[in-house]
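Chemist: File name start.cif; file contents mmCIF, C-alpha atoms; chains and numbers go by the auth columns; full text below.
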```
data_protein
loop_
_atom_site.group_PDB
_atom_site.id
_atom_site.type_symbol
_atom_site.label_atom_id
_atom_site.label_comp_id
_atom_site.label_asym_id
_atom_site.label_seq_id
_atom_site.Cartn_x
_atom_site.Cartn_y
_atom_site.Cartn_z
_atom_site.B_iso_or_equiv
_atom_site.auth_seq_id
_atom_site.auth_asym_id
ATOM 1 C CA ARG A 1 105.352 48.409 -192.492 0.00 17 V
ATOM 2 C CA LEU A 2 104.616 49.355 -196.082 0.00 18 V
ATOM 3 C CA PRO A 3 106.721 52.385 -196.998 0.00 19 V
ATOM 4 C CA LYS A 4 104.605 55.481 -197.426 0.00 20 V
ATOM 5 C CA PRO A 5 106.543 57.230 -200.216 0.00 21 V
ATOM 6 C CA GLY A 6 105.419 56.156 -203.654 0.00 22 V
ATOM 7 C CA ARG A 7 102.361 54.266 -202.436 0.00 23 V
ATOM 8 C CA GLU A 8 98.891 55.183 -203.615 0.00 24 V
ATOM 9 C CA ALA A 9 96.705 55.656 -200.572 0.00 25 V
ATOM 10 C CA SER A 10 93.714 54.273 -202.471 0.00 26 V
ATOM 11 C CA LYS A 11 95.480 50.922 -202.925 0.00 27 V
ATOM 12 C CA LEU A 12 96.202 50.418 -199.246 0.00 28 V
ATOM 13 C CA VAL A 13 93.274 49.177 -197.162 0.00 29 V
ATOM 14 C CA ARG A 14 93.831 48.467 -193.495 0.00 30 V
ATOM 15 C CA TYR A 15 91.423 46.040 -191.858 0.00 31 V
ATOM 16 C CA PRO A 16 90.579 45.672 -188.150 0.00 32 V
ATOM 17 C CA GLY A 17 91.902 42.511 -186.575 0.00 33 V
ATOM 18 C CA LEU A 18 93.773 39.439 -187.800 0.00 34 V
ATOM 19 C CA LYS A 19 93.145 37.484 -190.992 0.00 35 V
ATOM 20 C CA GLU A 20 92.744 34.290 -188.934 0.00 36 V
ATOM 21 C CA GLU A 21 89.634 35.809 -187.332 0.00 37 V
ATOM 22 C CA VAL A 22 87.815 35.401 -190.642 0.00 38 V
ATOM 23 C CA TYR A 23 87.418 31.652 -190.103 0.00 39 V
ATOM 24 C CA ILE A 24 87.909 31.271 -186.344 0.00 40 V
ATOM 25 C CA TYR A 25 85.287 33.632 -184.940 0.00 41 V
ATOM 26 C CA ASP A 26 82.435 31.096 -185.300 0.00 42 V
ATOM 27 C CA PHE A 27 84.555 27.953 -185.007 0.00 43 V
ATOM 28 C CA GLU A 28 83.241 25.079 -182.859 0.00 44 V
ATOM 29 C CA PRO A 29 85.893 22.521 -181.815 0.00 45 V
ATOM 30 C CA ASP A 30 85.275 18.819 -182.379 0.00 46 V
ATOM 31 C CA THR A 31 86.209 16.557 -179.470 0.00 47 V
ATOM 32 C CA GLY A 32 86.542 13.691 -181.953 0.00 48 V
ATOM 33 C CA VAL A 33 90.102 14.776 -182.690 0.00 49 V
ATOM 34 C CA LEU A 34 91.163 13.634 -179.216 0.00 50 V
ATOM 35 C CA GLU A 35 89.692 10.194 -179.770 0.00 51 V
ATOM 36 C CA THR A 36 91.237 9.949 -183.225 0.00 52 V
ATOM 37 C CA LEU A 37 94.688 10.658 -181.800 0.00 53 V
ATOM 38 C CA GLY A 38 94.165 8.546 -178.704 0.00 54 V
ATOM 39 C CA LEU A 39 94.690 11.452 -176.307 0.00 55 V
ATOM 40 C CA ASP A 40 93.701 11.470 -172.649 0.00 56 V
ATOM 41 C CA ARG A 41 92.089 14.772 -171.606 0.00 57 V
ATOM 42 C CA SER A 42 93.146 14.208 -167.990 0.00 58 V
ATOM 43 C CA ARG A 43 96.790 14.590 -169.031 0.00 59 V
ATOM 44 C CA PRO A 44 98.479 17.653 -170.578 0.00 60 V
ATOM 45 C CA VAL A 45 98.087 17.949 -174.361 0.00 61 V
ATOM 46 C CA ILE A 46 100.799 19.836 -176.246 0.00 62 V
ATOM 47 C CA THR A 47 100.722 20.692 -179.948 0.00 63 V
ATOM 48 C CA VAL A 48 103.993 21.333 -181.782 0.00 64 V
ATOM 49 C CA ARG A 49 104.473 22.716 -185.299 0.00 65 V
ATOM 50 C CA PRO A 50 108.042 22.253 -186.620 0.00 66 V
ATOM 51 C CA PRO A 51 109.762 25.011 -188.608 0.00 67 V
ATOM 52 C CA ALA A 52 109.473 25.129 -192.410 0.00 68 V
ATOM 53 C CA THR A 53 113.140 24.525 -193.201 0.00 69 V
ATOM 54 C CA TRP A 54 112.615 25.037 -196.949 0.00 70 V
ATOM 55 C CA ALA A 55 110.607 28.272 -196.774 0.00 71 V
ATOM 56 C CA HIS A 56 112.012 31.597 -197.948 0.00 72 V
ATOM 57 C CA TYR A 57 111.509 33.015 -194.452 0.00 73 V
ATOM 58 C CA HIS A 58 113.330 30.189 -192.670 0.00 74 V
ATOM 59 C CA ASN A 59 116.041 31.044 -190.188 0.00 75 V
ATOM 60 C CA PRO A 60 118.540 28.401 -188.966 0.00 76 V
ATOM 61 C CA HIS A 61 118.004 29.557 -185.387 0.00 77 V
ATOM 62 C CA SER A 62 114.457 28.169 -185.628 0.00 78 V
ATOM 63 C CA GLU A 63 115.929 24.658 -185.948 0.00 79 V
ATOM 64 C CA GLU A 64 118.084 25.178 -182.861 0.00 80 V
ATOM 65 C CA LEU A 65 115.058 26.307 -180.888 0.00 81 V
ATOM 66 C CA PHE A 66 113.012 23.368 -182.168 0.00 82 V
ATOM 67 C CA ARG A 67 115.636 20.822 -181.121 0.00 83 V
ATOM 68 C CA ALA A 68 115.819 22.409 -177.675 0.00 84 V
ATOM 69 C CA LEU A 69 112.026 22.287 -177.413 0.00 85 V
ATOM 70 C CA MET A 70 111.836 18.606 -178.347 0.00 86 V
ATOM 71 C CA ALA A 71 114.559 17.824 -175.810 0.00 87 V
ATOM 72 C CA ARG A 72 112.621 19.724 -173.127 0.00 88 V
ATOM 73 C CA LEU A 73 109.314 18.020 -173.939 0.00 89 V
ATOM 74 C CA GLY A 74 110.962 14.607 -174.044 0.00 90 V
ATOM 75 C CA HIS A 75 111.652 14.871 -170.318 0.00 91 V
ATOM 76 C CA ASP A 76 107.973 15.252 -169.405 0.00 92 V
ATOM 77 C CA PRO A 77 106.568 11.685 -169.204 0.00 93 V
ATOM 78 C CA ASP A 78 103.041 12.826 -168.358 0.00 94 V
ATOM 79 C CA ALA A 79 102.680 15.054 -171.424 0.00 95 V
ATOM 80 C CA GLN A 80 101.115 14.071 -174.747 0.00 96 V
ATOM 81 C CA VAL A 81 102.979 15.882 -177.517 0.00 97 V
ATOM 82 C CA VAL A 82 101.375 15.899 -180.961 0.00 98 V
ATOM 83 C CA VAL A 83 103.862 16.942 -183.650 0.00 99 V
ATOM 84 C CA LEU A 84 102.059 18.310 -186.732 0.00 100 V
ATOM 85 C CA CYS A 85 104.654 17.927 -189.465 0.00 101 V
ATOM 86 C CA ARG A 86 104.401 19.960 -192.642 0.00 102 V
ATOM 87 C CA THR A 87 105.323 17.317 -195.213 0.00 103 V
ATOM 88 C CA ALA A 88 105.691 13.545 -195.432 0.00 104 V
ATOM 89 C CA VAL A 89 109.468 13.934 -195.698 0.00 105 V
ATOM 90 C CA GLN A 90 109.625 16.018 -192.539 0.00 106 V
ATOM 91 C CA ALA A 91 107.353 13.558 -190.722 0.00 107 V
ATOM 92 C CA HIS A 92 109.618 10.651 -191.692 0.00 108 V
ATOM 93 C CA GLU A 93 112.770 12.458 -190.562 0.00 109 V
ATOM 94 C CA LEU A 94 111.380 13.626 -187.223 0.00 110 V
ATOM 95 C CA CYS A 95 109.681 10.326 -186.501 0.00 111 V
ATOM 96 C CA GLN A 96 112.966 8.495 -187.087 0.00 112 V
ATOM 97 C CA ARG A 97 114.758 10.917 -184.798 0.00 113 V
ATOM 98 C CA TYR A 98 112.318 11.190 -181.903 0.00 114 V
ATOM 99 C CA ALA A 99 109.773 8.373 -181.936 0.00 115 V
ATOM 100 C CA SER A 100 112.528 5.769 -181.798 0.00 116 V
ATOM 101 C CA ILE A 101 113.719 7.055 -178.399 0.00 117 V
ATOM 102 C CA GLY A 102 110.266 6.770 -176.863 0.00 118 V
ATOM 103 C CA GLY A 103 108.846 9.606 -174.812 0.00 119 V
ATOM 104 C CA PRO A 104 105.587 11.510 -175.169 0.00 120 V
ATOM 105 C CA PHE A 105 105.642 12.161 -178.934 0.00 121 V
ATOM 106 C CA HIS A 106 102.772 11.427 -181.330 0.00 122 V
ATOM 107 C CA PHE A 107 103.297 11.752 -185.089 0.00 123 V
ATOM 108 C CA PRO A 108 99.925 11.593 -186.904 0.00 124 V
ATOM 109 C CA GLU A 109 100.152 9.730 -190.197 0.00 125 V
ATOM 110 C CA SER A 110 97.547 11.928 -191.865 0.00 126 V
ATOM 111 C CA ALA A 111 96.174 15.445 -191.574 0.00 127 V
ATOM 112 C CA VAL A 112 94.186 16.225 -188.430 0.00 128 V
ATOM 113 C CA ASP A 113 91.720 18.904 -187.355 0.00 129 V
ATOM 114 C CA ALA A 114 94.408 21.233 -186.053 0.00 130 V
ATOM 115 C CA LEU A 115 92.033 23.969 -184.884 0.00 131 V
ATOM 116 C CA SER A 116 90.132 21.517 -182.705 0.00 132 V
ATOM 117 C CA LEU A 117 93.375 20.012 -181.432 0.00 133 V
ATOM 118 C CA MET A 118 94.699 23.437 -180.432 0.00 134 V
ATOM 119 C CA SER A 119 91.385 24.245 -178.747 0.00 135 V
ATOM 120 C CA PHE A 120 91.952 21.329 -176.368 0.00 136 V
ATOM 121 C CA SER A 121 95.719 21.811 -176.037 0.00 137 V
ATOM 122 C CA ASP A 122 97.277 23.150 -172.870 0.00 138 V
ATOM 123 C CA PHE A 123 100.263 24.507 -174.819 0.00 139 V
ATOM 124 C CA VAL A 124 100.897 25.224 -178.498 0.00 140 V
ATOM 125 C CA PHE A 125 104.407 25.727 -179.903 0.00 141 V
ATOM 126 C CA SER A 126 104.885 26.780 -183.515 0.00 142 V
ATOM 127 C CA GLY A 127 107.898 27.500 -185.666 0.00 143 V
ATOM 128 C CA GLY A 128 105.754 29.527 -188.061 0.00 144 V
ATOM 129 C CA GLY A 129 103.197 32.296 -187.843 0.00 145 V
ATOM 130 C CA THR A 130 99.689 31.135 -188.714 0.00 146 V
ATOM 131 C CA MET A 131 99.326 28.458 -186.045 0.00 147 V
ATOM 132 C CA CYS A 132 100.704 30.853 -183.404 0.00 148 V
ATOM 133 C CA ARG A 133 98.001 33.350 -184.276 0.00 149 V
ATOM 134 C CA GLU A 134 95.289 30.705 -184.421 0.00 150 V
ATOM 135 C CA ALA A 135 96.312 29.326 -181.020 0.00 151 V
ATOM 136 C CA ALA A 136 96.372 32.809 -179.505 0.00 152 V
ATOM 137 C CA LEU A 137 92.898 33.565 -180.855 0.00 153 V
ATOM 138 C CA LEU A 138 91.591 30.233 -179.549 0.00 154 V
ATOM 139 C CA GLY A 139 92.825 31.160 -176.085 0.00 155 V
ATOM 140 C CA ALA A 140 95.562 28.527 -175.791 0.00 156 V
ATOM 141 C CA LYS A 141 98.953 29.240 -174.233 0.00 157 V
ATOM 142 C CA ALA A 142 100.759 30.008 -177.469 0.00 158 V
ATOM 143 C CA TYR A 143 104.520 30.095 -177.957 0.00 159 V
ATOM 144 C CA SER A 144 106.555 31.072 -181.009 0.00 160 V
ATOM 145 C CA THR A 145 109.844 29.265 -181.685 0.00 161 V
ATOM 146 C CA PHE A 146 110.464 31.151 -184.920 0.00 162 V
ATOM 147 C CA GLY A 147 114.036 32.450 -184.903 0.00 163 V
ATOM 148 C CA GLY A 148 113.823 34.924 -187.792 0.00 164 V
ATOM 149 C CA LYS A 149 112.363 38.397 -188.207 0.00 165 V
ATOM 150 C CA LEU A 150 108.872 38.428 -186.779 0.00 166 V
ATOM 151 C CA GLY A 151 105.810 39.733 -188.515 0.00 167 V
ATOM 152 C CA ALA A 152 104.168 42.835 -187.113 0.00 168 V
ATOM 153 C CA VAL A 153 101.122 40.783 -186.101 0.00 169 V
ATOM 154 C CA ASP A 154 103.200 38.409 -183.973 0.00 170 V
ATOM 155 C CA GLU A 155 104.894 41.360 -182.288 0.00 171 V
ATOM 156 C CA TRP A 156 101.472 42.858 -181.541 0.00 172 V
ATOM 157 C CA LEU A 157 100.218 39.573 -180.026 0.00 173 V
ATOM 158 C CA ALA A 158 103.331 39.389 -177.869 0.00 174 V
ATOM 159 C CA ARG A 159 102.820 42.957 -176.597 0.00 175 V
ATOM 160 C CA ALA A 160 99.202 42.078 -175.826 0.00 176 V
ATOM 161 C CA GLY A 161 100.332 39.103 -173.730 0.00 177 V
ATOM 162 C CA ARG A 162 98.644 36.547 -175.976 0.00 178 V
ATOM 163 C CA LEU A 163 101.802 35.078 -177.515 0.00 179 V
ATOM 164 C CA THR A 164 105.097 34.236 -175.794 0.00 180 V
ATOM 165 C CA LEU A 165 108.231 34.610 -177.914 0.00 181 V
ATOM 166 C CA LEU A 166 110.932 32.033 -177.231 0.00 182 V
ATOM 167 C CA ARG A 167 114.119 33.403 -178.740 0.00 183 V
ATOM 168 C CA ARG A 168 116.781 31.796 -176.534 0.00 184 V
ATOM 169 C CA ILE A 169 117.448 28.140 -175.743 0.00 185 V
ATOM 170 C CA GLU A 170 117.660 29.004 -172.038 0.00 186 V
ATOM 171 C CA GLU A 171 114.050 30.185 -172.137 0.00 187 V
ATOM 172 C CA ILE A 172 112.961 26.795 -173.478 0.00 188 V
ATOM 173 C CA GLU A 173 115.013 24.775 -171.000 0.00 189 V
ATOM 174 C CA THR A 174 113.321 26.541 -168.081 0.00 190 V
ATOM 175 C CA LEU A 175 109.747 26.373 -169.400 0.00 191 V
ATOM 176 C CA ASP A 176 107.056 25.738 -166.818 0.00 192 V
ATOM 177 C CA LEU A 177 104.700 23.201 -168.395 0.00 193 V
ATOM 178 C CA HIS A 178 102.485 22.631 -165.388 0.00 194 V
ATOM 179 C CA ARG A 179 98.825 22.600 -166.250 0.00 195 V
ATOM 180 C CA ASN A 180 96.753 25.505 -165.004 0.00 196 V
ATOM 181 C CA GLY A 181 93.263 25.828 -166.433 0.00 197 V
ATOM 182 C CA SER A 182 92.754 29.259 -164.892 0.00 198 V
ATOM 183 C CA GLU A 183 95.428 30.690 -167.197 0.00 199 V
ATOM 184 C CA ARG A 184 93.494 29.921 -170.365 0.00 200 V
ATOM 185 C CA GLN A 185 91.977 33.110 -171.742 0.00 201 V
ATOM 186 C CA GLY A 186 89.276 31.527 -173.884 0.00 202 V
ATOM 187 C CA PRO A 187 88.485 32.283 -177.556 0.00 203 V
ATOM 188 C CA GLN A 188 88.985 35.930 -178.491 0.00 204 V
ATOM 189 C CA PRO A 189 88.312 36.426 -182.215 0.00 205 V
ATOM 190 C CA ARG A 190 85.840 38.981 -183.555 0.00 206 V
ATOM 191 C CA HIS A 191 83.458 38.777 -186.494 0.00 207 V
ATOM 192 C CA THR A 192 84.106 42.383 -187.535 0.00 208 V
ATOM 193 C CA THR A 193 87.185 41.390 -189.541 0.00 209 V
ATOM 194 C CA GLN A 194 85.178 39.118 -191.819 0.00 210 V
ATOM 195 C CA ASP A 195 82.414 41.700 -192.272 0.00 211 V
ATOM 196 C CA PHE A 196 84.945 44.410 -193.127 0.00 212 V
ATOM 197 C CA LEU A 197 86.726 42.263 -195.726 0.00 213 V
ATOM 198 C CA ILE A 198 83.468 41.220 -197.395 0.00 214 V
ATOM 199 C CA ASP A 199 82.405 44.855 -197.684 0.00 215 V
ATOM 200 C CA ALA A 200 85.835 45.834 -199.056 0.00 216 V
ATOM 201 C CA ILE A 201 85.738 43.127 -201.728 0.00 217 V
ATOM 202 C CA LEU A 202 82.219 44.124 -202.784 0.00 218 V
ATOM 203 C CA GLU A 203 83.276 47.756 -203.127 0.00 219 V
ATOM 204 C CA ILE A 204 86.197 46.752 -205.323 0.00 220 V
ATOM 205 C CA LEU A 205 83.913 44.678 -207.537 0.00 221 V
ATOM 206 C CA ASN A 206 80.917 46.978 -207.753 0.00 222 V
ATOM 207 C CA GLY A 207 81.857 50.355 -206.362 0.00 223 V
ATOM 208 C CA PRO A 208 81.295 52.066 -202.988 0.00 224 V
ATOM 209 C CA GLY A 209 78.072 51.417 -201.117 0.00 225 V
ATOM 210 C CA THR A 210 77.339 48.008 -202.607 0.00 226 V
ATOM 211 C CA SER A 211 75.617 45.817 -200.043 0.00 227 V
ATOM 212 C CA PRO A 212 75.695 42.003 -200.175 0.00 228 V
ATOM 213 C CA ILE A 213 72.021 41.965 -201.217 0.00 229 V
ATOM 214 C CA GLN A 214 72.655 44.426 -204.067 0.00 230 V
ATOM 215 C CA TYR A 215 75.646 42.362 -205.176 0.00 231 V
ATOM 216 C CA GLN A 216 73.546 39.183 -205.272 0.00 232 V
ATOM 217 C CA GLN A 217 70.867 40.932 -207.323 0.00 233 V
ATOM 218 C CA GLN A 218 73.458 42.271 -209.785 0.00 234 V
ATOM 219 C CA SER A 219 75.005 38.822 -210.103 0.00 235 V
ATOM 220 C CA LYS A 220 71.616 37.271 -210.944 0.00 236 V
ATOM 221 C CA ARG A 221 70.922 39.939 -213.594 0.00 237 V
ATOM 222 C CA GLY A 222 74.372 39.352 -215.076 0.00 238 V
ATOM 223 C CA LYS A 223 73.737 35.618 -215.398 0.00 239 V
ATOM 224 C CA GLN A 224 70.377 36.256 -217.030 0.00 240 V
#
```
In structure tokens, how does this file's structure come out?

Modeler:
Amino acid sequence: RLPKPGREASKLVRYPGLKEEVYIYDFEPDTGVLETLGLDRSRPVITVRPPATWAHYHNPHSEELFRALMARLGHDPDAQVVVLCRTAVQAHELCQRYASIGGPFHFPESAVDALSLMSFSDFVFSGGGTMCREAALLGAKAYSTFGGKLGAVDEWLARAGRLTLLRRIEEIETLDLHRNGSERQGPQPRHTTQDFLIDAILEILNGPGTSPIQYQQQSKRGKQ
């Protein structure tokens, strides 16, 4: 989406894949996160990421979609819904609003291994972008409840069928949350993104054709 006029072609480097693939392609989930949160693997596990209401990209419609989602999930007594709040203030506000009425909601008091949690989740809902992309790459059923202008990557994931965009409250109210293991696609990241970025950084630092081994040798000589 960068405008072509006035841009130096040499300063624009396009890389294959998604930035999240850099750290997900060799990721191994830890089942300990389920024990830490007291989750039962025989019951549906749902991960929810609330919208960032203070961010520059925030759109008020995201809050409407989030409230509709929480109302929908609250009517599923068999589900285990882990709400990964962004700040302590947000956690306090949402816990006061939803935990007090009972239901399936879990509000962790400290940071958790979110990648592992999403790996074992049946559904992942996020009001932002990064966790949507991570969930899609991990093969989970990923949904975006972001109500603002989407990034090009999220639009691409949606076209590829790896991310479902929820833009209307009616779509949330009619969600089918029945568990179906056959629908899970499995992890899909590639290591080529990381390799490409490493090579690009080395070329910027030391010029074209610099291999990692050459870079290490030059670094040692520089220190000496």

Chemist: Please determine an axis-aligned box that encloses all atoms of region 67-70 of chain V listed in the file, with 5 Å added on each side, and express its centre and edge lengths in Å to one decimal as JSON.

Modeler:
```
{"center_x": 111.3, "center_y": 24.8, "center_z": -192.8, "size_x": 13.7, "size_y": 10.6, "size_z": 18.3}
```

Chemist: Using all atoms listed in the file, what table do you get, as JSON lines, when you list each residue of region 129-182 of chain V with an atom no more than 8 Å from region 33-45 of chain V, its nearest pair of atoms, and their distance in Å rounded to one decimal, rows by chain then rising number?

Modeler:
```
{"residue": "V:Leu131", "atom": "CA", "partner": "V:Pro45", "partner_atom": "CA", "distance": 7.0}
{"residue": "V:Ser132", "atom": "CA", "partner": "V:Pro45", "partner_atom": "CA", "distance": 4.4}
{"residue": "V:Leu133", "atom": "CA", "partner": "V:Pro45", "partner_atom": "CA", "distance": 7.9}
{"residue": "V:Ser135", "atom": "CA", "partner": "V:Pro45", "partner_atom": "CA", "distance": 6.5}
{"residue": "V:Thr146", "atom": "CA", "partner": "V:Glu36", "partner_atom": "CA", "distance": 7.6}
{"residue": "V:Arg149", "atom": "CA", "partner": "V:Glu36", "partner_atom": "CA", "distance": 7.1}
{"residue": "V:Glu150", "atom": "CA", "partner": "V:Glu36", "partner_atom": "CA", "distance": 6.3}
{"residue": "V:Leu153", "atom": "CA", "partner": "V:Glu37", "partner_atom": "CA", "distance": 7.6}
{"residue": "V:Leu154", "atom": "CA", "partner": "V:Ile40", "partner_atom": "CA", "distance": 7.8}
{"residue": "V:Val169", "atom": "CA", "partner": "V:Leu34", "partner_atom": "CA", "distance": 7.7}
```

Chemist: Figure out the distance between CA of Arg88 (chain V) and CA of Thr52 (chain V), please, to one decimal in Å.

Modeler: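 We find that CA of Thr52 (chain V) and CA of Arg88 (chain V) lie 25.6 Å from each other.
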
Chemist: Report the distance between CA of Met147 (chain V) and CA of Leu173 (chain V) in Å, rounded to one decimal place.

Modeler: 12.7 Å

Chemist: Go through V:Gly48, V:Gly54, V:Pro66, V:Pro93 and flag the residue nearest Glu80 (chain V), using only C-alpha atoms for the distances.

Modeler: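 Going through V:Gly48, V:Gly54, V:Pro66, V:Pro93 one by one, the smallest distance to Glu80 (chain V) is for V:Pro66.
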
Chemist: Would you work out the distance separating CA of Gly143 (chain V) from CA of Thr161 (chain V), expressed in Å to one decimal?

Modeler: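 Atom-to-atom, CA of Gly143 (chain V) to CA of Thr161 (chain V), that is 4.8 Å.
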
Chemist: Using all atoms listed in the file, can you tell me which of V:Glu125, V:Phe139, V:Ala84, V:Leu50 comes closest to Thr63 (chain V)?

Modeler: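 Nearest candidate to Thr63 (chain V) out of V:Glu125, V:Phe139, V:Ala84, V:Leu50: V:Phe139.
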
Chemist: Compare V:His108, V:Leu100, V:Lys165, V:Asp92 by their minimum atom-to-atom distance to His74 (chain V), counting all atoms listed in the file, and give me the closest one.

Modeler: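 Closest residue, counting all atoms listed in the file: V:Lys165.
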
Chemist: Which residues, written as a list in words, have at least one atom at most 12 Å from Thr180 (chain V), with all atoms listed in the file counted and residues fewer than 6 positions away on the same chain left out?

Modeler: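 Contacts, with the query itself left out: Phe139, Val140, Phe141, Ser142, Cys148, Arg149, Ala151, Ala152, Ala156, Lys157, Ala158, Tyr159, Ser160, Thr161, Phe162, Asp170, Glu171, Trp172, Leu173, Ala174, Glu187, Ile188 and Leu191 of chain V.
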
Chemist: When distances are computed from all atoms listed in the file, which of V:Ser126, V:Gly167, V:Ile185, V:Trp70 shows the smallest separation from Phe82 (chain V)?

Modeler: V:Ile185

Chemist: With distances taken over all atoms listed in the file, which residue among V:Ala216, V:Met86, V:Leu221, V:Ala130 lies nearest Pro32 (chain V)?

Modeler: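 Of V:Ala216, V:Met86, V:Leu221, V:Ala130, the one nearest Pro32 (chain V) is V:Ala216, counting all atoms listed in the file.
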
Chemist: Which is closer to Leu166 (chain V) than all the others in V:Phe212, V:Asn75, V:Thr47, V:Thr69, using all atoms listed in the file?

Modeler: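 Closest to Leu166 (chain V), using all atoms listed in the file: V:Asn75.
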
Chemist: Name the residues in contact with Leu53 (chain V) at a cut-off of 10 Å, using all atoms listed in the file, excluding same-chain residues fewer than 2 positions from it; report them as a ChimeraX atom specification.

Modeler: /V:48-51,55-56,98,122-124,128,133

Chemist: So what does the PyMOL selection byres ((chain V and resi 94) around 12) actually pick up in this one, as number ranges by chain?

Modeler: V: 55-62, 89-93, 95-97, 119-121, 193-195

Chemist: Missing atoms in region 98-109 of chain V: can you complete it with N, CA, C and O atoms, as a PDB file, in the coordinates of the input?

Modeler:
```
ATOM      1  N   VAL V  98     101.765  16.201-179.584  1.00  0.00           N
ATOM      2  CA  VAL V  98     101.375  15.899-180.961  1.00  0.00           C
ATOM      3  C   VAL V  98     102.178  16.799-181.889  1.00  0.00           C
ATOM      4  O   VAL V  98     102.054  18.029-181.832  1.00  0.00           O
ATOM      5  N   VAL V  99     103.003  16.203-182.729  1.00  0.00           N
ATOM      6  CA  VAL V  99     103.862  16.942-183.650  1.00  0.00           C
ATOM      7  C   VAL V  99     103.190  16.971-185.023  1.00  0.00           C
ATOM      8  O   VAL V  99     103.051  15.936-185.673  1.00  0.00           O
ATOM      9  N   LEU V 100     102.756  18.154-185.445  1.00  0.00           N
ATOM     10  CA  LEU V 100     102.059  18.310-186.732  1.00  0.00           C
ATOM     11  C   LEU V 100     103.077  18.704-187.801  1.00  0.00           C
ATOM     12  O   LEU V 100     103.353  19.877-188.027  1.00  0.00           O
ATOM     13  N   CYS V 101     103.635  17.691-188.441  1.00  0.00           N
ATOM     14  CA  CYS V 101     104.654  17.927-189.465  1.00  0.00           C
ATOM     15  C   CYS V 101     104.037  18.554-190.708  1.00  0.00           C
ATOM     16  O   CYS V 101     102.849  18.406-190.980  1.00  0.00           O
ATOM     17  N   ARG V 102     104.873  19.214-191.476  1.00  0.00           N
ATOM     18  CA  ARG V 102     104.401  19.960-192.642  1.00  0.00           C
ATOM     19  C   ARG V 102     104.364  19.118-193.917  1.00  0.00           C
ATOM     20  O   ARG V 102     103.548  19.376-194.807  1.00  0.00           O
ATOM     21  N   THR V 103     105.257  18.169-194.027  1.00  0.00           N
ATOM     22  CA  THR V 103     105.323  17.317-195.213  1.00  0.00           C
ATOM     23  C   THR V 103     105.606  15.883-194.784  1.00  0.00           C
ATOM     24  O   THR V 103     106.022  15.622-193.640  1.00  0.00           O
ATOM     25  N   ALA V 104     105.406  14.954-195.716  1.00  0.00           N
ATOM     26  CA  ALA V 104     105.691  13.545-195.432  1.00  0.00           C
ATOM     27  C   ALA V 104     107.180  13.328-195.169  1.00  0.00           C
ATOM     28  O   ALA V 104     107.566  12.522-194.316  1.00  0.00           O
ATOM     29  N   VAL V 105     108.016  14.066-195.892  1.00  0.00           N
ATOM     30  CA  VAL V 105     109.468  13.934-195.698  1.00  0.00           C
ATOM     31  C   VAL V 105     109.854  14.389-194.297  1.00  0.00           C
ATOM     32  O   VAL V 105     110.626  13.722-193.594  1.00  0.00           O
ATOM     33  N   GLN V 106     109.326  15.524-193.879  1.00  0.00           N
ATOM     34  CA  GLN V 106     109.625  16.018-192.539  1.00  0.00           C
ATOM     35  C   GLN V 106     109.108  15.053-191.473  1.00  0.00           C
ATOM     36  O   GLN V 106     109.794  14.794-190.467  1.00  0.00           O
ATOM     37  N   ALA V 107     107.913  14.507-191.688  1.00  0.00           N
ATOM     38  CA  ALA V 107     107.353  13.558-190.722  1.00  0.00           C
ATOM     39  C   ALA V 107     108.245  12.330-190.595  1.00  0.00           C
ATOM     40  O   ALA V 107     108.487  11.834-189.485  1.00  0.00           O
ATOM     41  N   HIS V 108     108.745  11.831-191.720  1.00  0.00           N
ATOM     42  CA  HIS V 108     109.618  10.651-191.692  1.00  0.00           C
ATOM     43  C   HIS V 108     110.910  10.953-190.930  1.00  0.00           C
ATOM     44  O   HIS V 108     111.339  10.159-190.074  1.00  0.00           O
ATOM     45  N   GLU V 109     111.504  12.097-191.203  1.00  0.00           N
ATOM     46  CA  GLU V 109     112.770  12.458-190.562  1.00  0.00           C
ATOM     47  C   GLU V 109     112.599  12.631-189.052  1.00  0.00           C
ATOM     48  O   GLU V 109     113.396  12.100-188.264  1.00  0.00           O
TER      49      GLU V 109
END
```
